[in-house]
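Participant: Right, I'll just put the structure down here and ask away after.
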There are 2 protein chains.
Amino acid sequence: MNKKSIAVILSGCGRRDGSEIHEATLTLWAIHKNGADYQCYAPNIFQSQVSNHLTGKTMDEERNVLVEAARIARGDILDLADFDAESHDALILPGGLGATINLSDFASKGSDCNINEAVEKAILATHALQKPIGALCIAPVILAKILPGVKLTIGQDKDTAAIIEEMGGSHRNTMQTEVVVDNHLKVVTTPCYMLQARVDQIGEGADRLVQKVINLLEK
Amino acid sequence: MNKKSIAVILSGCGRRDGSEIHEATLTLWAIHKNGADYQCYAPNIFQSQVSNHLTGKTMDEERNVLVEAARIARGDILDLADFDAESHDALILPGGLGATINLSDFASKGSDCNINEAVEKAILATHALQKPIGALCIAPVILAKILPGVKLTIGQDKDTAAIIEEMGGSHRNTMQTEVVVDNHLKVVTTPCYMLQARVDQIGEGADRLVQKVINLLEK
């Protein structure tokens with residue numbers, strides 16, 4: 001039997017302006033650990049900003065989302081414009097602020113946010129084929145915007161949960177490592193670094209999420 | 001009982017010009033998984049080069065090792081110049097080419113390489129206190145230069161193994177996830193991405209290495 005193929009959408013390389021590195025790495029780890037394969041994707045666009053992760057300040061630089069995400073993917077990454085939902089069994093979006101400034105403009109627009117066109121197409125195409133979608137940390141806000149009525153979690157942040165409800169989503173509070181499964185829409189979410197967490201808890205959350213995603217695609 | 005504190009020296013953020021991201025993340029994950037805490041460090045210097053991880057080509061940019069390593073450490077990282085061996089129970093160096101172009105010039109000089117002064121001081125101070133040191137992937141070459149006669153592994157690459165022997169080290173061939181322990185010098189090494197490996201194998205190797213390091217410091 002062929003291994004299941006899970007597409008992973010990255011948003012750069014670093015929690016402040018891209019994919020959160022621990023969440024992204026531990027998603028890839030969990031996919032391999034559970035006997036599946038992954039293919040990373042990222043949009044070929046400039047980052048909305050470049051952050052100095054030591055000081056937290058904005059840097060006067062330009063960086064490309066696909067090029068920086070390639071650091072996490074060890075070079076094995078494709079332009080999200082070439083994504084074909086038929087080629088994969090499931091789709092996962094790790095967290096990091098890149099989800100809210102590169103894959104969307106949620107950070108500045110909230111419930112009025114726009115989702116990057118390639119990201120929206122990839123999610124809708126995967127969903128239309130009834131394949132499962134996972135999202136970690138803050139990335140579930142993208143699903144709340146695109147999949148009306150989806151049940152999901154971003155942890156316990158009241159303001160973000162309120163915006164999710166405003167977009168038509170249904171938020172569930174969770175603790176570290178917990179996952180929320182929307183069996184109807186085939187969506188799995190887990191809070192990761194939206195809560196104070198140790199790295200092994202990020203691994204446990206990612207592992208549970210990947211297991212649930214694989215369970216859903218075998219149904 | 002206080003948790004053991006393990007110092008981790010990073011060399012940037014990305015396999016071609018810094019710390020290999022999976023190895024670094026899974027080292028931090030393994031430290032937490034085994035009940036210890038970590039503190040990341042990096043030298044406050046410019047990278048020897050900046051690599052486009054999508055194309056493999058050199059980019060006409062300058063990046064700082066400490067600032068980029070802060071992406072992996074989520075901002076919680078200190079200048080290696082301020083390292084105090086008394087404050088930690090052990091020291092670990094993840095791999096990635098940053099070990100051979102930023103922490104040393106092994107990539108261009110081989111057995112005649114120079115080790116970054118702060119890196120050498122941190123290793124020698126830790127070793128002088130008889131505390132264990134771990135190194136993953138290509139990073140063991142730094143230990144071969146500094147700790148004469150050390151027994152270690154970088155996998156199975158014959159050319160690199162020959163240079164290690166030239167520097168006075170004693171190389172052992174290993175397969176994925178295996179570790180080599182020098183009980184006398186208290187050094188633990190594992191090959192990681194010096195061999196073709198899946199991400200869960202990197203996790204297994206890092207986990208075994210951290211367990212051996214903790215065993216050694218409890219002796």
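Letters A, B, ... mark the chains of the structure tokens in the order given; residue numbers begin at 1 per chain; ligand numbers begin at 1, in order shown.
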Would you kindly return, as JSON, numbers by chain, each protein, DNA or RNA residue with an atom no farther than 7 Å from any atom of Leu93 of chain B, considering only C-alpha atoms and excluding same-chain residues fewer than 3 positions away?

Facilitator: {"B": [8, 9, 10, 134, 135, 136, 139]}

Participant: Okay, now the selection with N, CA, C and O atoms, as a short mmCIF file (atom, residue, chain, number, x, y, z; two decimals), in the first residue's frame?

Facilitator:
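Below is the file part27.cif, written as the result:
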```cif
data_model
loop_
_atom_site.label_atom_id
_atom_site.label_comp_id
_atom_site.auth_asym_id
_atom_site.auth_seq_id
_atom_site.Cartn_x
_atom_site.Cartn_y
_atom_site.Cartn_z
N VAL B 8 22.37 24.86 24.68
CA VAL B 8 22.36 24.45 23.27
C VAL B 8 22.96 25.57 22.43
O VAL B 8 22.49 26.71 22.48
N ILE B 9 24.02 25.26 21.69
CA ILE B 9 24.66 26.28 20.84
C ILE B 9 24.13 26.18 19.42
O ILE B 9 24.32 25.17 18.73
N LEU B 10 23.46 27.25 18.97
CA LEU B 10 22.93 27.30 17.60
C LEU B 10 23.88 28.11 16.72
O LEU B 10 24.69 28.91 17.21
N GLY B 134 27.19 16.94 23.96
CA GLY B 134 26.59 16.19 22.86
C GLY B 134 26.75 16.96 21.57
O GLY B 134 26.81 18.20 21.57
N ALA B 135 26.82 16.25 20.44
CA ALA B 135 26.89 16.93 19.13
C ALA B 135 26.22 16.05 18.08
O ALA B 135 26.38 14.82 18.08
N LEU B 136 25.46 16.70 17.18
CA LEU B 136 24.69 15.98 16.16
C LEU B 136 25.24 16.28 14.77
O LEU B 136 25.79 17.35 14.52
N ALA B 139 28.35 18.56 13.47
CA ALA B 139 28.92 19.33 14.58
C ALA B 139 30.05 18.60 15.34
O ALA B 139 30.93 19.26 15.90
#
```

Participant: For Tyr41 of chain A, work out the shell of residues within 8 Å, counting only C-alpha atoms and skipping chain neighbours fewer than 4 positions away, then give it as a VMD selection string.

Facilitator: chain A and resid 7 to 10 66 77 to 80 83

Participant: Quick one: chain B onto chain A, least squares on all Cα paired in order, result as an mmCIF file with C-alpha atoms, in the first residue's frame?

Facilitator:
```
data_model
loop_
_atom_site.group_PDB
_atom_site.id
_atom_site.type_symbol
_atom_site.label_atom_id
_atom_site.label_comp_id
_atom_site.auth_asym_id
_atom_site.auth_seq_id
_atom_site.Cartn_x
_atom_site.Cartn_y
_atom_site.Cartn_z
ATOM 1 C CA MET B 1 -0.009 0.002 0.038
ATOM 2 C CA ASN B 2 1.276 3.444 -0.841
ATOM 3 C CA LYS B 3 1.976 5.809 2.006
ATOM 4 C CA LYS B 4 -0.553 8.550 2.619
ATOM 5 C CA SER B 5 0.615 11.913 1.320
ATOM 6 C CA ILE B 6 -0.071 14.967 3.456
ATOM 7 C CA ALA B 7 0.456 18.467 2.065
ATOM 8 C CA VAL B 8 1.815 21.045 4.532
ATOM 9 C CA ILE B 9 1.428 24.783 3.851
ATOM 10 C CA LEU B 10 4.228 26.888 5.346
ATOM 11 C CA SER B 11 4.199 30.689 5.684
ATOM 12 C CA GLY B 12 7.902 31.519 6.117
ATOM 13 C CA CYS B 13 10.395 30.536 8.836
ATOM 14 C CA GLY B 14 9.912 31.958 12.326
ATOM 15 C CA ARG B 15 7.022 32.586 14.705
ATOM 16 C CA ARG B 16 6.858 36.385 14.258
ATOM 17 C CA ASP B 17 6.823 36.573 10.439
ATOM 18 C CA GLY B 18 6.405 33.007 9.192
ATOM 19 C CA SER B 19 5.706 29.447 10.311
ATOM 20 C CA GLU B 20 6.390 28.699 13.959
ATOM 21 C CA ILE B 21 9.467 26.467 13.619
ATOM 22 C CA HIS B 22 8.702 23.963 16.407
ATOM 23 C CA GLU B 23 5.106 23.491 15.245
ATOM 24 C CA ALA B 24 6.143 23.075 11.610
ATOM 25 C CA THR B 25 9.012 20.680 12.375
ATOM 26 C CA LEU B 26 6.934 18.601 14.795
ATOM 27 C CA THR B 27 4.129 18.383 12.221
ATOM 28 C CA LEU B 28 6.604 16.907 9.716
ATOM 29 C CA TRP B 29 7.985 14.645 12.477
ATOM 30 C CA ALA B 30 4.455 13.447 13.402
ATOM 31 C CA ILE B 31 3.608 12.756 9.748
ATOM 32 C CA HIS B 32 6.676 10.511 9.392
ATOM 33 C CA LYS B 33 6.138 8.968 12.845
ATOM 34 C CA ASN B 34 2.627 7.938 11.815
ATOM 35 C CA GLY B 35 3.828 6.303 8.592
ATOM 36 C CA ALA B 36 2.764 8.957 6.097
ATOM 37 C CA ASP B 37 4.782 11.221 3.776
ATOM 38 C CA TYR B 38 4.623 14.982 3.415
ATOM 39 C CA GLN B 39 5.061 17.564 0.694
ATOM 40 C CA CYS B 40 5.641 21.158 1.783
ATOM 41 C CA TYR B 41 4.186 24.142 -0.082
ATOM 42 C CA ALA B 42 4.332 27.910 0.361
ATOM 43 C CA PRO B 43 3.081 30.877 -1.647
ATOM 44 C CA ASN B 44 5.752 32.534 -3.799
ATOM 45 C CA ILE B 45 5.188 36.060 -2.397
ATOM 46 C CA PHE B 46 7.106 38.566 -0.287
ATOM 47 C CA GLN B 47 6.578 38.442 3.471
ATOM 48 C CA SER B 48 4.398 41.286 4.808
ATOM 49 C CA GLN B 49 7.292 42.108 7.129
ATOM 50 C CA VAL B 50 10.604 40.745 8.400
ATOM 51 C CA SER B 51 10.949 40.527 12.192
ATOM 52 C CA ASN B 52 14.109 40.432 14.254
ATOM 53 C CA HIS B 53 13.300 37.464 16.513
ATOM 54 C CA LEU B 54 15.862 38.590 19.102
ATOM 55 C CA THR B 55 14.448 42.094 19.652
ATOM 56 C CA GLY B 56 10.906 41.710 18.278
ATOM 57 C CA LYS B 57 11.439 44.755 16.060
ATOM 58 C CA THR B 58 10.695 45.031 12.352
ATOM 59 C CA MET B 59 13.761 44.834 10.091
ATOM 60 C CA ASP B 60 14.201 46.916 6.959
ATOM 61 C CA GLU B 61 14.517 43.873 4.680
ATOM 62 C CA GLU B 62 12.528 41.944 2.107
ATOM 63 C CA ARG B 63 12.239 38.170 2.280
ATOM 64 C CA ASN B 64 10.238 35.728 0.161
ATOM 65 C CA VAL B 65 7.817 33.340 1.912
ATOM 66 C CA LEU B 66 8.657 30.341 -0.321
ATOM 67 C CA VAL B 67 12.433 30.893 -0.075
ATOM 68 C CA GLU B 68 12.385 31.229 3.733
ATOM 69 C CA ALA B 69 9.955 28.319 4.202
ATOM 70 C CA ALA B 70 12.459 26.210 2.220
ATOM 71 C CA ARG B 71 14.697 26.383 5.323
ATOM 72 C CA ILE B 72 12.159 24.318 7.285
ATOM 73 C CA ALA B 73 11.512 22.006 4.304
ATOM 74 C CA ARG B 74 15.243 21.445 3.647
ATOM 75 C CA GLY B 75 14.742 22.715 0.085
ATOM 76 C CA ASP B 76 12.021 20.165 -0.746
ATOM 77 C CA ILE B 77 9.123 22.591 -1.201
ATOM 78 C CA LEU B 78 6.785 23.603 -4.024
ATOM 79 C CA ASP B 79 5.068 26.846 -5.019
ATOM 80 C CA LEU B 80 1.519 26.703 -3.619
ATOM 81 C CA ALA B 81 0.264 27.943 -7.017
ATOM 82 C CA ASP B 82 1.056 24.422 -8.298
ATOM 83 C CA PHE B 83 -0.926 22.647 -5.562
ATOM 84 C CA ASP B 84 -3.228 19.873 -6.820
ATOM 85 C CA ALA B 85 -5.644 18.512 -4.217
ATOM 86 C CA GLU B 86 -5.917 15.243 -6.162
ATOM 87 C CA SER B 87 -2.234 14.517 -5.406
ATOM 88 C CA HIS B 88 -2.610 14.486 -1.615
ATOM 89 C CA ASP B 89 -4.752 12.753 1.000
ATOM 90 C CA ALA B 90 -4.910 15.620 3.463
ATOM 91 C CA LEU B 91 -3.707 19.169 4.149
ATOM 92 C CA ILE B 92 -2.159 20.662 7.305
ATOM 93 C CA LEU B 93 -1.379 24.293 8.211
ATOM 94 C CA PRO B 94 1.100 24.804 11.087
ATOM 95 C CA GLY B 95 0.874 28.053 13.070
ATOM 96 C CA GLY B 96 3.062 31.103 13.515
ATOM 97 C CA LEU B 97 2.112 34.687 12.763
ATOM 98 C CA GLY B 98 2.906 34.079 9.075
ATOM 99 C CA ALA B 99 -0.588 32.553 8.896
ATOM 100 C CA THR B 100 -2.028 35.949 9.856
ATOM 101 C CA ILE B 101 0.278 38.288 7.889
ATOM 102 C CA ASN B 102 1.395 36.249 4.843
ATOM 103 C CA LEU B 103 -1.268 33.583 4.240
ATOM 104 C CA SER B 104 -3.951 36.122 5.190
ATOM 105 C CA ASP B 105 -4.229 39.619 6.657
ATOM 106 C CA PHE B 106 -6.068 38.419 9.763
ATOM 107 C CA ALA B 107 -3.580 40.207 12.055
ATOM 108 C CA SER B 108 -4.672 43.629 10.777
ATOM 109 C CA LYS B 109 -8.210 42.981 9.471
ATOM 110 C CA GLY B 110 -9.683 40.447 11.914
ATOM 111 C CA SER B 111 -13.034 39.077 10.733
ATOM 112 C CA ASP B 112 -12.800 41.181 7.543
ATOM 113 C CA CYS B 113 -9.566 39.441 6.570
ATOM 114 C CA ASN B 114 -8.657 38.344 3.074
ATOM 115 C CA ILE B 115 -7.089 34.928 2.531
ATOM 116 C CA ASN B 116 -4.219 34.541 0.042
ATOM 117 C CA GLU B 117 -5.782 33.243 -3.176
ATOM 118 C CA ALA B 118 -3.569 30.144 -3.492
ATOM 119 C CA VAL B 119 -4.195 29.251 0.164
ATOM 120 C CA GLU B 120 -7.961 29.602 -0.243
ATOM 121 C CA LYS B 121 -7.960 27.523 -3.443
ATOM 122 C CA ALA B 122 -5.889 24.751 -1.813
ATOM 123 C CA ILE B 123 -8.214 24.562 1.198
ATOM 124 C CA LEU B 124 -11.434 24.676 -0.833
ATOM 125 C CA ALA B 125 -10.170 22.080 -3.342
ATOM 126 C CA THR B 126 -9.098 19.726 -0.532
ATOM 127 C CA HIS B 127 -12.406 20.222 1.260
ATOM 128 C CA ALA B 128 -14.410 19.680 -1.958
ATOM 129 C CA LEU B 129 -12.786 16.245 -2.274
ATOM 130 C CA GLN B 130 -13.869 15.508 1.326
ATOM 131 C CA LYS B 131 -10.255 15.166 2.432
ATOM 132 C CA PRO B 132 -9.323 16.168 6.009
ATOM 133 C CA ILE B 133 -7.629 19.444 6.924
ATOM 134 C CA GLY B 134 -5.577 20.114 10.072
ATOM 135 C CA ALA B 135 -4.477 23.455 11.520
ATOM 136 C CA LEU B 136 -2.297 24.339 14.524
ATOM 137 C CA CYS B 137 -2.021 27.353 16.825
ATOM 138 C CA ILE B 138 -3.429 30.517 15.154
ATOM 139 C CA ALA B 139 -3.793 28.946 11.662
ATOM 140 C CA PRO B 140 -7.391 27.746 12.370
ATOM 141 C CA VAL B 141 -8.605 31.358 11.897
ATOM 142 C CA ILE B 142 -8.037 30.847 8.150
ATOM 143 C CA LEU B 143 -10.376 27.837 8.193
ATOM 144 C CA ALA B 144 -12.986 29.805 10.176
ATOM 145 C CA LYS B 145 -13.048 32.395 7.382
ATOM 146 C CA ILE B 146 -13.287 29.854 4.540
ATOM 147 C CA LEU B 147 -15.398 27.007 5.965
ATOM 148 C CA PRO B 148 -18.577 28.487 7.479
ATOM 149 C CA GLY B 149 -19.696 26.896 10.745
ATOM 150 C CA VAL B 150 -16.490 24.940 11.323
ATOM 151 C CA LYS B 151 -15.889 23.747 14.889
ATOM 152 C CA LEU B 152 -12.304 24.440 15.985
ATOM 153 C CA THR B 153 -9.904 25.666 18.675
ATOM 154 C CA ILE B 154 -7.192 28.277 19.028
ATOM 155 C CA GLY B 155 -6.769 27.566 22.751
ATOM 156 C CA GLN B 156 -8.339 30.032 25.181
ATOM 157 C CA ASP B 157 -7.734 33.537 23.837
ATOM 158 C CA LYS B 158 -11.119 35.280 24.242
ATOM 159 C CA ASP B 159 -10.565 38.036 21.655
ATOM 160 C CA THR B 160 -9.495 35.625 18.911
ATOM 161 C CA ALA B 161 -12.307 33.222 19.820
ATOM 162 C CA ALA B 162 -14.807 36.104 19.519
ATOM 163 C CA ILE B 163 -13.552 36.970 16.022
ATOM 164 C CA ILE B 164 -13.827 33.298 15.034
ATOM 165 C CA GLU B 165 -17.482 33.279 16.161
ATOM 166 C CA GLU B 166 -18.004 36.569 14.243
ATOM 167 C CA MET B 167 -16.751 34.806 11.080
ATOM 168 C CA GLY B 168 -19.286 32.028 11.661
ATOM 169 C CA GLY B 169 -16.977 29.517 13.318
ATOM 170 C CA SER B 170 -17.693 27.597 16.504
ATOM 171 C CA HIS B 171 -14.856 27.865 19.028
ATOM 172 C CA ARG B 172 -14.014 25.327 21.732
ATOM 173 C CA ASN B 173 -11.596 26.142 24.576
ATOM 174 C CA THR B 174 -8.756 23.650 24.927
ATOM 175 C CA MET B 175 -5.728 22.940 27.101
ATOM 176 C CA GLN B 176 -2.222 22.077 25.882
ATOM 177 C CA THR B 177 -2.023 18.988 23.598
ATOM 178 C CA GLU B 178 -5.829 18.724 23.184
ATOM 179 C CA VAL B 179 -7.376 18.494 19.716
ATOM 180 C CA VAL B 180 -10.828 19.452 18.461
ATOM 181 C CA VAL B 181 -12.297 17.364 15.649
ATOM 182 C CA ASP B 182 -15.109 18.560 13.364
ATOM 183 C CA ASN B 183 -16.182 15.190 11.995
ATOM 184 C CA HIS B 184 -18.689 16.728 9.598
ATOM 185 C CA LEU B 185 -16.282 19.159 7.889
ATOM 186 C CA LYS B 186 -13.259 16.879 8.546
ATOM 187 C CA VAL B 187 -11.236 19.562 10.298
ATOM 188 C CA VAL B 188 -8.785 18.919 13.165
ATOM 189 C CA THR B 189 -7.214 21.724 15.253
ATOM 190 C CA THR B 190 -4.900 22.026 18.288
ATOM 191 C CA PRO B 191 -3.707 25.147 20.155
ATOM 192 C CA CYS B 192 0.094 24.606 20.468
ATOM 193 C CA TYR B 193 1.838 27.930 21.237
ATOM 194 C CA MET B 194 -1.445 29.845 21.534
ATOM 195 C CA LEU B 195 -0.993 28.544 25.096
ATOM 196 C CA GLN B 196 2.166 28.551 27.234
ATOM 197 C CA ALA B 197 3.700 25.189 26.322
ATOM 198 C CA ARG B 198 6.854 23.099 26.463
ATOM 199 C CA VAL B 199 8.301 21.743 23.230
ATOM 200 C CA ASP B 200 7.309 18.150 24.037
ATOM 201 C CA GLN B 201 3.706 19.354 24.426
ATOM 202 C CA ILE B 202 3.897 20.830 20.913
ATOM 203 C CA GLY B 203 5.056 17.397 19.753
ATOM 204 C CA GLU B 204 2.215 15.658 21.577
ATOM 205 C CA GLY B 205 -0.377 18.049 20.106
ATOM 206 C CA ALA B 206 1.008 17.693 16.574
ATOM 207 C CA ASP B 207 1.122 13.912 16.941
ATOM 208 C CA ARG B 208 -2.521 13.734 18.085
ATOM 209 C CA LEU B 209 -3.604 16.073 15.296
ATOM 210 C CA VAL B 210 -1.845 14.007 12.621
ATOM 211 C CA GLN B 211 -3.349 10.786 14.025
ATOM 212 C CA LYS B 212 -6.864 12.276 13.897
ATOM 213 C CA VAL B 213 -6.282 13.541 10.349
ATOM 214 C CA ILE B 214 -5.168 10.056 9.277
ATOM 215 C CA ASN B 215 -8.186 8.492 11.055
ATOM 216 C CA LEU B 216 -10.507 10.846 9.151
ATOM 217 C CA LEU B 217 -9.003 10.067 5.766
ATOM 218 C CA GLU B 218 -9.354 6.350 6.386
ATOM 219 C CA LYS B 219 -13.087 6.740 7.041
#
```

Participant: As a PDB file with N, CA, C and O atoms, in the first residue's frame, list the residues of segment 154-201 of chain A assigned to strand (DSSP E or B) by DSSP on the backbone atoms of this structure.

Facilitator:
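Result file is out19.pdb:
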```pdb
ATOM      1  N   SER A 170     -17.220  28.039  15.194  1.00  0.00           N
ATOM      2  CA  SER A 170     -17.692  27.622  16.504  1.00  0.00           C
ATOM      3  C   SER A 170     -16.464  27.234  17.338  1.00  0.00           C
ATOM      4  O   SER A 170     -15.837  26.203  17.090  1.00  0.00           O
ATOM      5  N   HIS A 171     -16.102  28.087  18.302  1.00  0.00           N
ATOM      6  CA  HIS A 171     -14.850  27.872  19.031  1.00  0.00           C
ATOM      7  C   HIS A 171     -15.020  27.026  20.284  1.00  0.00           C
ATOM      8  O   HIS A 171     -15.975  27.167  21.024  1.00  0.00           O
ATOM      9  N   VAL A 180      -9.388  19.366  18.729  1.00  0.00           N
ATOM     10  CA  VAL A 180     -10.826  19.451  18.465  1.00  0.00           C
ATOM     11  C   VAL A 180     -11.051  18.902  17.060  1.00  0.00           C
ATOM     12  O   VAL A 180     -10.356  19.285  16.116  1.00  0.00           O
ATOM     13  N   VAL A 181     -12.022  17.972  16.939  1.00  0.00           N
ATOM     14  CA  VAL A 181     -12.306  17.358  15.646  1.00  0.00           C
ATOM     15  C   VAL A 181     -13.711  17.754  15.190  1.00  0.00           C
ATOM     16  O   VAL A 181     -14.676  17.563  15.924  1.00  0.00           O
ATOM     17  N   ASP A 182     -13.805  18.325  14.009  1.00  0.00           N
ATOM     18  CA  ASP A 182     -15.104  18.554  13.373  1.00  0.00           C
ATOM     19  C   ASP A 182     -15.293  17.403  12.379  1.00  0.00           C
ATOM     20  O   ASP A 182     -14.753  17.432  11.270  1.00  0.00           O
ATOM     21  N   VAL A 187     -12.257  18.584   9.907  1.00  0.00           N
ATOM     22  CA  VAL A 187     -11.236  19.562  10.297  1.00  0.00           C
ATOM     23  C   VAL A 187     -10.740  19.240  11.709  1.00  0.00           C
ATOM     24  O   VAL A 187     -11.535  18.979  12.616  1.00  0.00           O
ATOM     25  N   VAL A 188      -9.393  19.232  11.869  1.00  0.00           N
ATOM     26  CA  VAL A 188      -8.774  18.930  13.163  1.00  0.00           C
ATOM     27  C   VAL A 188      -7.883  20.095  13.566  1.00  0.00           C
ATOM     28  O   VAL A 188      -7.075  20.564  12.751  1.00  0.00           O
ATOM     29  N   THR A 189      -8.018  20.577  14.807  1.00  0.00           N
ATOM     30  CA  THR A 189      -7.223  21.724  15.265  1.00  0.00           C
ATOM     31  C   THR A 189      -6.657  21.471  16.658  1.00  0.00           C
ATOM     32  O   THR A 189      -7.208  20.683  17.437  1.00  0.00           O
ATOM     33  N   THR A 190      -5.558  22.151  16.972  1.00  0.00           N
ATOM     34  CA  THR A 190      -4.902  22.022  18.286  1.00  0.00           C
ATOM     35  C   THR A 190      -4.183  23.338  18.590  1.00  0.00           C
ATOM     36  O   THR A 190      -3.681  23.994  17.676  1.00  0.00           O
TER      37      THR A 190
END
```

Participant: Apply DSSP to the backbone of this structure and, from segment 3-219 of chain B, keep only the residues in alpha helix (DSSP H); write these as a PyMOL selection string.

Facilitator: chain B and resi 21-33+65-72+98-101+106-109+117-128+140-146+158-166+199-217
